[in-house]
>>> print(open('entry_25.txt').read())   # compact mmCIF, C-alpha atoms
# COMPACT_ATOMS: atom_id res chain seq x y z
CA MET A 274 10.01 -22.81 17.03
CA THR A 275 7.30 -23.94 14.63
CA ASP A 276 4.37 -21.47 14.44
CA ILE A 277 1.08 -23.37 14.52
CA VAL A 278 -2.51 -22.10 14.57
CA VAL A 279 -5.33 -24.37 15.68
CA LEU A 280 -8.89 -23.55 14.62
CA GLY A 281 -11.28 -25.78 16.51
CA SER A 282 -13.28 -26.78 19.54
CA THR A 283 -12.66 -26.24 23.23
CA ASN A 284 -14.66 -28.48 25.58
CA MET A 285 -14.71 -29.53 29.18
CA ASP A 286 -14.44 -33.33 29.25
CA LEU A 287 -16.72 -34.93 31.85
CA VAL A 288 -15.13 -38.36 32.22
CA ALA A 289 -16.54 -41.41 33.99
CA TYR A 290 -14.25 -44.42 34.49
CA VAL A 291 -15.95 -47.82 34.53
CA GLU A 292 -15.00 -51.49 34.35
CA LYS A 293 -17.24 -51.99 31.32
CA ALA A 294 -19.22 -49.41 29.38
CA PRO A 295 -23.01 -49.69 29.73
CA GLN A 296 -25.15 -51.09 26.94
CA ARG A 297 -28.34 -49.33 25.87
CA GLY A 298 -30.77 -49.24 28.81
CA GLU A 299 -28.13 -50.47 31.26
CA THR A 300 -26.83 -48.71 34.37
CA VAL A 301 -23.35 -49.43 35.67
CA THR A 302 -21.40 -48.12 38.65
CA GLY A 303 -18.32 -46.06 37.90
CA ARG A 304 -15.26 -45.90 40.13
CA GLU A 305 -14.13 -42.34 39.35
CA PHE A 306 -15.25 -39.07 37.74
CA ARG A 307 -13.06 -36.22 36.48
CA THR A 308 -13.52 -32.91 34.71
CA ILE A 309 -10.61 -32.41 32.30
CA PRO A 310 -10.12 -29.61 29.74
CA GLY A 311 -10.42 -30.99 26.22
CA GLY A 312 -12.06 -30.62 22.82
CA LYS A 313 -10.22 -31.66 19.67
CA GLY A 314 -9.05 -28.13 18.94
CA ALA A 315 -7.78 -27.43 22.45
CA ASN A 316 -6.25 -30.89 22.67
CA GLN A 317 -4.26 -30.44 19.46
CA ALA A 318 -3.16 -26.98 20.57
CA ILE A 319 -1.94 -28.25 23.94
CA ALA A 320 -0.25 -31.26 22.35
CA ALA A 321 1.60 -29.06 19.86
CA ALA A 322 2.62 -26.53 22.51
CA ARG A 323 3.96 -29.20 24.85
CA ALA A 324 5.80 -30.77 21.91
CA GLY A 325 7.66 -27.51 21.38
CA GLY A 326 5.51 -25.50 18.96
CA ALA A 327 4.59 -21.81 19.22
CA VAL A 328 0.81 -22.28 19.20
CA SER A 329 -2.22 -19.98 18.94
CA VAL A 330 -5.85 -21.09 19.09
CA ILE A 331 -8.96 -19.73 17.36
CA GLY A 332 -12.23 -20.83 18.94
CA ALA A 333 -14.75 -20.00 21.66
CA VAL A 334 -15.63 -20.74 25.28
CA GLY A 335 -18.73 -19.76 27.23
CA ASN A 336 -18.96 -17.19 29.99
CA ASP A 337 -19.25 -19.92 32.61
CA ALA A 338 -16.85 -21.50 35.10
CA PHE A 339 -15.81 -24.10 32.51
CA GLY A 340 -14.87 -21.32 30.10
CA SER A 341 -12.53 -19.68 32.60
CA ARG A 342 -10.90 -22.99 33.40
CA LEU A 343 -10.50 -23.92 29.74
CA ARG A 344 -8.82 -20.63 28.92
CA SER A 345 -6.52 -20.95 31.93
CA CYS A 346 -5.51 -24.50 30.97
CA LEU A 347 -4.57 -23.43 27.45
CA GLU A 348 -2.54 -20.50 28.71
CA THR A 349 -0.79 -22.60 31.34
CA SER A 350 0.17 -25.03 28.58
CA GLY A 351 1.77 -22.22 26.59
CA VAL A 352 -1.02 -21.64 24.06
CA ASP A 353 -1.80 -18.06 22.97
CA THR A 354 -5.54 -17.43 23.57
CA GLY A 355 -5.77 -13.93 22.10
CA HIS A 356 -8.17 -15.22 19.42
CA LEU A 357 -10.24 -17.43 21.77
CA ARG A 358 -13.66 -15.79 21.98
CA THR A 359 -15.90 -15.69 25.07
CA THR A 360 -19.61 -15.95 24.24
CA GLU A 361 -22.84 -15.80 26.21
CA GLY A 362 -23.98 -19.21 27.41
CA PRO A 363 -22.29 -22.49 28.25
CA SER A 364 -18.95 -23.80 27.09
CA GLY A 365 -18.81 -26.99 25.06
CA THR A 366 -18.78 -30.28 26.92
CA ALA A 367 -17.81 -33.85 26.07
CA HIS A 368 -19.37 -36.65 28.10
CA ILE A 369 -16.96 -39.58 28.07
CA VAL A 370 -17.10 -43.14 29.38
CA VAL A 371 -13.71 -44.90 29.65
CA ASP A 372 -13.55 -48.66 30.28
CA ASP A 373 -10.81 -50.77 31.83
CA GLU A 374 -9.37 -51.62 28.40
CA GLY A 375 -8.76 -47.94 27.68
CA GLY A 376 -11.60 -47.69 25.17
CA ASN A 377 -14.02 -44.78 25.21
CA ALA A 378 -17.43 -43.60 24.05
CA ILE A 379 -18.10 -39.86 23.72
CA VAL A 380 -21.10 -37.52 23.42
CA VAL A 381 -20.18 -33.93 22.49
CA VAL A 382 -22.48 -30.98 23.28
CA PRO A 383 -21.08 -28.02 21.26
CA GLY A 384 -22.12 -25.09 23.45
CA ALA A 385 -19.94 -22.07 22.59
CA ASN A 386 -18.22 -24.01 19.82
CA GLY A 387 -21.40 -23.72 17.79
CA THR A 388 -20.87 -19.97 17.51
CA VAL A 389 -17.56 -20.38 15.65
CA ASP A 390 -19.10 -20.31 12.19
CA HIS A 391 -16.85 -17.67 10.59
CA LEU A 392 -13.48 -16.00 10.98
CA LEU A 393 -13.32 -12.75 12.93
CA PRO A 394 -11.15 -9.76 11.94
CA GLY A 395 -7.56 -10.68 12.66
CA ASP A 396 -8.06 -14.44 12.41
CA GLU A 397 -6.88 -14.62 8.79
CA SER A 398 -3.79 -12.55 9.60
CA LEU A 399 -2.97 -14.95 12.42
CA ILE A 400 -3.35 -17.93 10.09
CA ALA A 401 -1.18 -16.22 7.46
CA SER A 402 1.62 -15.86 10.01
CA ALA A 403 1.76 -19.60 10.77
CA GLY A 404 3.60 -22.50 9.25
CA SER A 405 0.69 -24.91 9.79
CA LEU A 406 -3.05 -24.72 10.45
CA LEU A 407 -4.67 -27.60 12.33
CA LEU A 408 -8.37 -28.23 11.70
CA GLN A 409 -11.00 -30.68 12.96
CA LEU A 410 -14.80 -30.93 12.60
CA GLU A 411 -16.20 -30.08 16.05
CA ILE A 412 -17.06 -26.49 15.03
CA PRO A 413 -19.41 -25.42 12.21
CA LEU A 414 -18.12 -26.51 8.83
CA ALA A 415 -18.31 -22.97 7.42
CA ALA A 416 -15.51 -21.84 9.73
CA VAL A 417 -13.39 -24.89 8.92
CA VAL A 418 -13.71 -24.15 5.21
CA ALA A 419 -12.94 -20.45 5.76
CA GLY A 420 -9.84 -21.33 7.76
CA ALA A 421 -8.62 -23.79 5.14
CA ARG A 422 -9.15 -21.28 2.35
CA ALA A 423 -7.26 -18.61 4.29
CA ALA A 424 -4.37 -20.99 4.83
CA ARG A 425 -4.26 -21.96 1.16
CA ALA A 426 -4.32 -18.30 0.10
CA HIS A 427 -1.25 -17.60 2.24
CA GLY A 428 0.71 -20.78 1.52
CA VAL A 429 0.18 -22.27 4.99
CA ARG A 430 0.17 -26.07 5.37
CA THR A 431 -3.33 -27.30 6.31
CA ILE A 432 -3.66 -30.49 8.38
CA LEU A 433 -7.25 -31.69 8.70
CA THR A 434 -8.43 -34.33 11.18
CA PRO A 435 -11.86 -35.34 9.75
CA ALA A 436 -13.50 -36.04 13.11
CA PRO A 437 -16.29 -36.50 13.86
CA ALA A 438 -16.51 -38.24 10.49
CA ARG A 439 -18.85 -36.60 7.97
CA PRO A 440 -18.92 -35.96 4.22
CA LEU A 441 -16.33 -33.33 3.29
CA PRO A 442 -17.16 -30.65 0.69
CA PRO A 443 -14.85 -30.37 -2.30
CA ASP A 444 -13.77 -26.81 -1.41
CA LEU A 445 -12.46 -28.02 1.96
CA LEU A 446 -10.57 -30.94 0.42
CA ASP A 447 -9.18 -28.65 -2.29
CA ALA A 448 -7.61 -26.51 0.46
CA THR A 449 -6.28 -29.45 2.52
CA ASP A 450 -2.62 -30.43 2.27
CA LEU A 451 -2.58 -33.38 4.70
CA LEU A 452 -5.65 -35.38 5.69
CA LEU A 453 -5.28 -37.17 9.03
CA PRO A 454 -8.13 -39.67 9.63
CA ASN A 455 -8.08 -42.73 11.83
CA GLU A 456 -8.93 -46.01 10.14
CA HIS A 457 -12.64 -45.71 10.98
CA GLU A 458 -12.86 -42.17 9.61
CA ALA A 459 -10.98 -43.22 6.47
CA ALA A 460 -13.51 -46.01 5.96
CA ALA A 461 -16.41 -43.62 6.52
CA LEU A 462 -15.02 -41.19 3.94
CA THR A 463 -14.33 -43.81 1.26
CA GLY A 464 -16.50 -46.83 2.00
CA LEU A 465 -13.31 -48.92 2.03
CA THR A 466 -12.38 -50.84 5.19
CA ASP A 467 -8.80 -51.61 4.14
CA PRO A 468 -6.67 -48.64 5.28
CA ARG A 469 -4.27 -48.87 2.33
CA GLN A 470 -7.11 -48.89 -0.17
CA ALA A 471 -8.82 -46.05 1.68
CA ALA A 472 -5.63 -43.98 1.70
CA THR A 473 -5.18 -44.55 -2.04
CA ALA A 474 -8.75 -43.41 -2.67
CA LEU A 475 -8.26 -40.30 -0.52
CA LEU A 476 -5.22 -39.31 -2.60
CA GLU A 477 -7.63 -38.52 -5.40
CA ARG A 478 -8.84 -35.65 -3.20
CA VAL A 479 -5.78 -34.48 -1.23
CA PRO A 480 -1.99 -34.62 -1.81
CA GLU A 481 -1.04 -36.46 1.41
CA VAL A 482 -2.82 -38.79 3.82
CA VAL A 483 -1.87 -40.26 7.18
CA VAL A 484 -4.23 -42.93 8.47
CA THR A 485 -3.71 -43.62 12.17
CA LEU A 486 -4.14 -47.28 13.10
CA GLY A 487 -4.15 -47.21 16.89
CA ALA A 488 -1.74 -49.71 18.39
CA ALA A 489 -0.71 -50.76 14.86
CA GLY A 490 0.86 -47.36 14.12
CA SER A 491 0.14 -45.25 11.06
CA LEU A 492 0.05 -45.40 7.27
CA TYR A 493 1.39 -42.54 5.15
CA ALA A 494 0.49 -42.12 1.50
CA ALA A 495 1.34 -39.37 -0.98
CA ARG A 496 0.76 -38.89 -4.67
CA GLY A 497 3.56 -40.42 -6.69
CA ALA A 498 5.14 -42.28 -3.74
CA GLU A 499 4.97 -45.74 -2.23
CA PRO A 500 2.83 -46.00 0.95
CA LEU A 501 4.79 -46.05 4.20
CA THR A 502 3.72 -47.94 7.33
CA VAL A 503 5.22 -46.85 10.65
CA PRO A 504 4.65 -49.01 13.76
CA ALA A 505 3.72 -47.60 17.15
CA PRO A 506 5.58 -48.37 20.40
CA ARG A 507 4.03 -51.24 22.34
CA VAL A 508 2.44 -50.00 25.55
CA THR A 509 -0.45 -50.88 27.85
CA ALA A 510 -3.23 -48.35 27.29
CA VAL A 511 -5.01 -46.81 30.26
CA ASP A 512 -7.10 -44.24 28.38
CA SER A 513 -6.99 -43.62 24.63
CA THR A 514 -8.93 -40.34 24.84
CA GLY A 515 -6.93 -37.63 23.08
CA ALA A 516 -4.34 -39.98 21.59
CA GLY A 517 -5.20 -38.97 18.04
CA ASP A 518 -5.01 -35.29 18.95
CA THR A 519 -1.66 -35.84 20.63
CA PHE A 520 -0.43 -37.49 17.43
CA ALA A 521 -1.73 -34.60 15.30
CA GLY A 522 -0.15 -31.89 17.43
CA ALA A 523 3.19 -33.64 17.66
CA LEU A 524 3.16 -34.44 13.93
CA ALA A 525 2.56 -30.77 13.07
CA VAL A 526 5.56 -29.79 15.17
CA ALA A 527 7.79 -32.49 13.68
CA LEU A 528 6.87 -31.66 10.08
CA GLY A 529 7.24 -27.95 10.79
CA GLU A 530 10.77 -28.59 12.01
CA GLY A 531 11.56 -30.23 8.69
CA ARG A 532 11.90 -33.80 9.94
CA PRO A 533 11.63 -36.51 7.27
CA VAL A 534 8.17 -38.09 7.07
CA ARG A 535 9.15 -41.41 8.68
CA GLU A 536 10.91 -39.68 11.55
CA ALA A 537 8.00 -37.28 12.02
CA LEU A 538 5.53 -40.17 12.18
CA GLU A 539 7.72 -42.09 14.63
CA TRP A 540 8.08 -38.99 16.81
CA ALA A 541 4.31 -38.40 16.79
CA ALA A 542 3.72 -42.07 17.62
CA ALA A 543 6.08 -41.75 20.58
CA ALA A 544 4.01 -38.82 21.85
CA ALA A 545 0.72 -40.71 21.41
CA SER A 546 2.11 -43.81 23.13
CA LEU A 547 2.89 -41.71 26.20
CA SER A 548 -0.58 -40.16 26.25
CA VAL A 549 -2.48 -43.46 26.27
CA GLN A 550 -0.64 -44.57 29.40
CA ARG A 551 -2.22 -41.72 31.40
CA PRO A 552 -5.86 -40.83 32.12
CA GLY A 553 -7.58 -37.93 30.41
CA ALA A 554 -7.02 -36.07 27.16
CA SER A 555 -5.14 -32.80 27.65
CA ALA A 556 -3.92 -33.99 31.06
CA SER A 557 -2.17 -36.96 29.44
CA MET A 558 -0.24 -35.09 26.77
CA PRO A 559 3.55 -35.34 27.08
CA HIS A 560 6.13 -32.56 27.05
CA ARG A 561 8.89 -32.38 24.46
CA SER A 562 11.56 -33.79 26.79
CA GLU A 563 9.41 -36.87 27.40
CA ILE A 564 8.77 -37.36 23.68
CA GLU A 565 12.47 -37.09 22.88
CA ALA A 566 13.33 -39.62 25.59
CA ARG A 567 10.68 -42.05 24.36
CA TYR A 568 11.69 -41.60 20.72
CA ALA A 569 15.34 -42.27 21.56
CA SER A 570 14.56 -45.45 23.51
>>> encode(input="entry_25.txt", output="structure tokens")
Amino acid sequence: MTDIVVLGSTNMDLVAYVEKAPQRGETVTGREFRTIPGGKGANQAIAAARAGGAVSVIGAVGNDAFGSRLRSCLETSGVDTGHLRTTEGPSGTAHIVVDDEGGNAIVVVPGANGTVDHLLPGDESLIASAGSLLLQLEIPLAAVVAGARAARAHGVRTILTPAPARPLPPDLLDATDLLLPNEHEAAALTGLTDPRQAATALLERVPEVVVTLGAAGSLYAARGAEPLTVPAPRVTAVDSTGAGDTFAGALAVALGEGRPVREALEWAAAAASLSVQRPGASASMPHRSEIEARYAS
């Protein structure tokens, strides 16, 4: 199995399902409400574990009912939570509105995630034991940089999802092996709206880039190689929340298993296409047998 460490956020997603998302100052009636374990870190950990990886998570939950449920969900999904801290105060929450077209709008309240601003004793050793480290930007940047530096020092592949989009310091980019933005994040980082141009610009900062393009698939670019576009399976989306994290977790597993880049991207796209056909983030993430069946079809 591929050993993967995820350093990132753990949130409870508070999800309202509506026909059409409200505009500013508008009130709409929703048809359903769910509380679903999520957070980009937890989502990527669960996605990777269900895809067949041996996954550990570094992060924090609060000492509230959400924290207990979040920890339980990770463990039930096969994620090692030995490095998941419990802090005083509330767990992180994400307040999500999902419309009938599968689109979403999200407000994240960090809670316990805001306390993850450094590595604790033992965290670096855990990272050093992995094949890949998955990072996102929903915890303080200082911890993300520390994790990336630890991975680089021990020869561990670092995969960074730059979300929520923000300027990235040079020392983080210097320690990143694969940058995994969506097309909007790529544009925010480069000022270029064309994904291919954005990917080319990002290669000045990191060795490899995968720009996810939603229903259009993904674009891979690497220094010294021709860009590669991989389509996504055509499906009807119910809820796109967590699709990017599903892609990231599955991609880490596929690359860790030594699959060629095109195959790894196709396999990750198969996983993401399954997730968007189900409601929720972590609740929608497919198991390895489902991904294999979808990939083979």
>>> closest_residue(input="entry_25.txt", among="A:Ser513, A:Thr300, A:Thr473, A:Thr283", to="Ser345 in chain A", atoms="all atoms listed in the file")
A:Thr283
>>> closest_residue(input="entry_25.txt", among="A:Leu343, A:Leu476, A:Val371, A:Ala327", to="Phe306 in chain A", atoms="all atoms listed in the file")
A:Val371
>>> closest_residue(input="entry_25.txt", among="A:Glu563, A:Glu305, A:Asp276, A:Asp512", to="Val352 in chain A", atoms="all atoms listed in the file")
A:Asp276
>>> residues_around(input="entry_25.txt", residues="range 434-440 of chain A", least_positions_apart="3", cutoff="12 Å", atoms="all atoms listed in the file", output="PyMOL selection string")
chain A and resi 279-282+312-314+317+379-381+406-414+417+431+443-446+449-464+475+482-485+517-522+524-525
>>> write_last_selection(input="entry_25.txt", atoms="C-alpha atoms", output="PDB file, in the frame of the given file")
ATOM      1  CA  VAL A 279      -5.330 -24.370  15.680  1.00  0.00           C
ATOM      2  CA  LEU A 280      -8.890 -23.550  14.620  1.00  0.00           C
ATOM      3  CA  GLY A 281     -11.280 -25.780  16.510  1.00  0.00           C
ATOM      4  CA  SER A 282     -13.280 -26.780  19.540  1.00  0.00           C
ATOM      5  CA  GLY A 312     -12.060 -30.620  22.820  1.00  0.00           C
ATOM      6  CA  LYS A 313     -10.220 -31.660  19.670  1.00  0.00           C
ATOM      7  CA  GLY A 314      -9.050 -28.130  18.940  1.00  0.00           C
ATOM      8  CA  GLN A 317      -4.260 -30.440  19.460  1.00  0.00           C
ATOM      9  CA  ILE A 379     -18.100 -39.860  23.720  1.00  0.00           C
ATOM     10  CA  VAL A 380     -21.100 -37.520  23.420  1.00  0.00           C
ATOM     11  CA  VAL A 381     -20.180 -33.930  22.490  1.00  0.00           C
ATOM     12  CA  LEU A 406      -3.050 -24.720  10.450  1.00  0.00           C
ATOM     13  CA  LEU A 407      -4.670 -27.600  12.330  1.00  0.00           C
ATOM     14  CA  LEU A 408      -8.370 -28.230  11.700  1.00  0.00           C
ATOM     15  CA  GLN A 409     -11.000 -30.680  12.960  1.00  0.00           C
ATOM     16  CA  LEU A 410     -14.800 -30.930  12.600  1.00  0.00           C
ATOM     17  CA  GLU A 411     -16.200 -30.080  16.050  1.00  0.00           C
ATOM     18  CA  ILE A 412     -17.060 -26.490  15.030  1.00  0.00           C
ATOM     19  CA  PRO A 413     -19.410 -25.420  12.210  1.00  0.00           C
ATOM     20  CA  LEU A 414     -18.120 -26.510   8.830  1.00  0.00           C
ATOM     21  CA  VAL A 417     -13.390 -24.890   8.920  1.00  0.00           C
ATOM     22  CA  THR A 431      -3.330 -27.300   6.310  1.00  0.00           C
ATOM     23  CA  PRO A 443     -14.850 -30.370  -2.300  1.00  0.00           C
ATOM     24  CA  ASP A 444     -13.770 -26.810  -1.410  1.00  0.00           C
ATOM     25  CA  LEU A 445     -12.460 -28.020   1.960  1.00  0.00           C
ATOM     26  CA  LEU A 446     -10.570 -30.940   0.420  1.00  0.00           C
ATOM     27  CA  THR A 449      -6.280 -29.450   2.520  1.00  0.00           C
ATOM     28  CA  ASP A 450      -2.620 -30.430   2.270  1.00  0.00           C
ATOM     29  CA  LEU A 451      -2.580 -33.380   4.700  1.00  0.00           C
ATOM     30  CA  LEU A 452      -5.650 -35.380   5.690  1.00  0.00           C
ATOM     31  CA  LEU A 453      -5.280 -37.170   9.030  1.00  0.00           C
ATOM     32  CA  PRO A 454      -8.130 -39.670   9.630  1.00  0.00           C
ATOM     33  CA  ASN A 455      -8.080 -42.730  11.830  1.00  0.00           C
ATOM     34  CA  GLU A 456      -8.930 -46.010  10.140  1.00  0.00           C
ATOM     35  CA  HIS A 457     -12.640 -45.710  10.980  1.00  0.00           C
ATOM     36  CA  GLU A 458     -12.860 -42.170   9.610  1.00  0.00           C
ATOM     37  CA  ALA A 459     -10.980 -43.220   6.470  1.00  0.00           C
ATOM     38  CA  ALA A 460     -13.510 -46.010   5.960  1.00  0.00           C
ATOM     39  CA  ALA A 461     -16.410 -43.620   6.520  1.00  0.00           C
ATOM     40  CA  LEU A 462     -15.020 -41.190   3.940  1.00  0.00           C
ATOM     41  CA  THR A 463     -14.330 -43.810   1.260  1.00  0.00           C
ATOM     42  CA  GLY A 464     -16.500 -46.830   2.000  1.00  0.00           C
ATOM     43  CA  LEU A 475      -8.260 -40.300  -0.520  1.00  0.00           C
ATOM     44  CA  VAL A 482      -2.820 -38.790   3.820  1.00  0.00           C
ATOM     45  CA  VAL A 483      -1.870 -40.260   7.180  1.00  0.00           C
ATOM     46  CA  VAL A 484      -4.230 -42.930   8.470  1.00  0.00           C
ATOM     47  CA  THR A 485      -3.710 -43.620  12.170  1.00  0.00           C
ATOM     48  CA  GLY A 517      -5.200 -38.970  18.040  1.00  0.00           C
ATOM     49  CA  ASP A 518      -5.010 -35.290  18.950  1.00  0.00           C
ATOM     50  CA  THR A 519      -1.660 -35.840  20.630  1.00  0.00           C
ATOM     51  CA  PHE A 520      -0.430 -37.490  17.430  1.00  0.00           C
ATOM     52  CA  ALA A 521      -1.730 -34.600  15.300  1.00  0.00           C
ATOM     53  CA  GLY A 522      -0.150 -31.890  17.430  1.00  0.00           C
ATOM     54  CA  LEU A 524       3.160 -34.440  13.930  1.00  0.00           C
ATOM     55  CA  ALA A 525       2.560 -30.770  13.070  1.00  0.00           C
TER      56      ALA A 525
END
>>> closest_residue(input="entry_25.txt", among="A:Ala403, A:Asp396, A:Val526, A:Val534", to="Ala321 in chain A", atoms="all atoms listed in the file")
A:Val526
>>> atom_distance(input="entry_25.txt", atom1="CA of Leu399 in chain A", atom2="CA of Arg358 in chain A")
14.4 Å
>>> atom_distance(input="entry_25.txt", atom1="CA of Arg567 in chain A", atom2="CA of Ala542 in chain A")
9.7 Å
>>> residues_around(input="entry_25.txt", residues="range 285-297 of chain A", least_positions_apart="6", cutoff="8 Å", atoms="all atoms listed in the file", output="list in words")
Gly303, Arg304, Glu305, Phe306, Arg307, Thr308, Ile309, Pro310, Gly311, Gly312, Phe339, Leu343, Ser364, Gly365, Thr366, Ala367, His368, Ile369, Val370, Val371, Asp372, Asp373 and Gly553 of chain A
>>> write_last_selection(input="entry_25.txt", atoms="C-alpha atoms", output="short mmCIF file (atom, residue, chain, number, x, y, z; two decimals), in the coordinates of the input")
data_model
loop_
_atom_site.label_atom_id
_atom_site.label_comp_id
_atom_site.auth_asym_id
_atom_site.auth_seq_id
_atom_site.Cartn_x
_atom_site.Cartn_y
_atom_site.Cartn_z
CA GLY A 303 -18.32 -46.06 37.90
CA ARG A 304 -15.26 -45.90 40.13
CA GLU A 305 -14.13 -42.34 39.35
CA PHE A 306 -15.25 -39.07 37.74
CA ARG A 307 -13.06 -36.22 36.48
CA THR A 308 -13.52 -32.91 34.71
CA ILE A 309 -10.61 -32.41 32.30
CA PRO A 310 -10.12 -29.61 29.74
CA GLY A 311 -10.42 -30.99 26.22
CA GLY A 312 -12.06 -30.62 22.82
CA PHE A 339 -15.81 -24.10 32.51
CA LEU A 343 -10.50 -23.92 29.74
CA SER A 364 -18.95 -23.80 27.09
CA GLY A 365 -18.81 -26.99 25.06
CA THR A 366 -18.78 -30.28 26.92
CA ALA A 367 -17.81 -33.85 26.07
CA HIS A 368 -19.37 -36.65 28.10
CA ILE A 369 -16.96 -39.58 28.07
CA VAL A 370 -17.10 -43.14 29.38
CA VAL A 371 -13.71 -44.90 29.65
CA ASP A 372 -13.55 -48.66 30.28
CA ASP A 373 -10.81 -50.77 31.83
CA GLY A 553 -7.58 -37.93 30.41
#
>>> residues_around(input="entry_25.txt", residues="Ala426 in chain A", least_positions_apart="6", cutoff="10 Å", atoms="all atoms listed in the file", output="number ranges by chain")
A: 397, 401, 420, 448
>>> write_last_selection(input="entry_25.txt", atoms="C-alpha atoms", output="CSV table (one decimal), in the frame of the given file")
chain,number,residue,atom,x,y,z
A,397,GLU,CA,-6.9,-14.6,8.8
A,401,ALA,CA,-1.2,-16.2,7.5
A,420,GLY,CA,-9.8,-21.3,7.8
A,448,ALA,CA,-7.6,-26.5,0.5
>>> residues_around(input="entry_25.txt", residues="Thr275 in chain A", least_positions_apart="3", cutoff="12 Å", atoms="all atoms listed in the file", output="list in words")
Val278, Ala321, Ala322, Arg323, Ala324, Gly325, Gly326, Ala327, Val328, Ser329, Ser402, Ala403, Gly404, Ser405, Leu406, Arg430, Gly522, Ala523, Leu524, Ala525, Val526, Ala527, Leu528, Gly529, Glu530, Gly531 and Arg532 of chain A
>>> atom_distance(input="entry_25.txt", atom1="CA of Leu465 in chain A", atom2="CA of Ala545 in chain A")
25.3 Å
>>> closest_residue(input="entry_25.txt", among="A:Ala423, A:Ala378, A:Ala416, A:Ala495", to="Ile400 in chain A", atoms="only C-alpha atoms")
A:Ala423
>>> residues_around(input="entry_25.txt", residues="Glu361 in chain A", least_positions_apart="3", cutoff="10 Å", atoms="only C-alpha atoms", output="ChimeraX atom specification")
/A:334-337,364,384-385,388
>>> axis_aligned_box(input="entry_25.txt", around="range 290-293 of chain A", padding_each_side="5 Å", output="AutoDock Vina command-line options")
--center_x -15.7 --center_y -48.2 --center_z 32.9 --size_x 13.0 --size_y 17.6 --size_z 13.2
>>> closest_residue(input="entry_25.txt", among="A:Glu499, A:Glu299, A:Glu565, A:Glu477", to="Glu539 in chain A", atoms="all atoms listed in the file")
A:Glu565
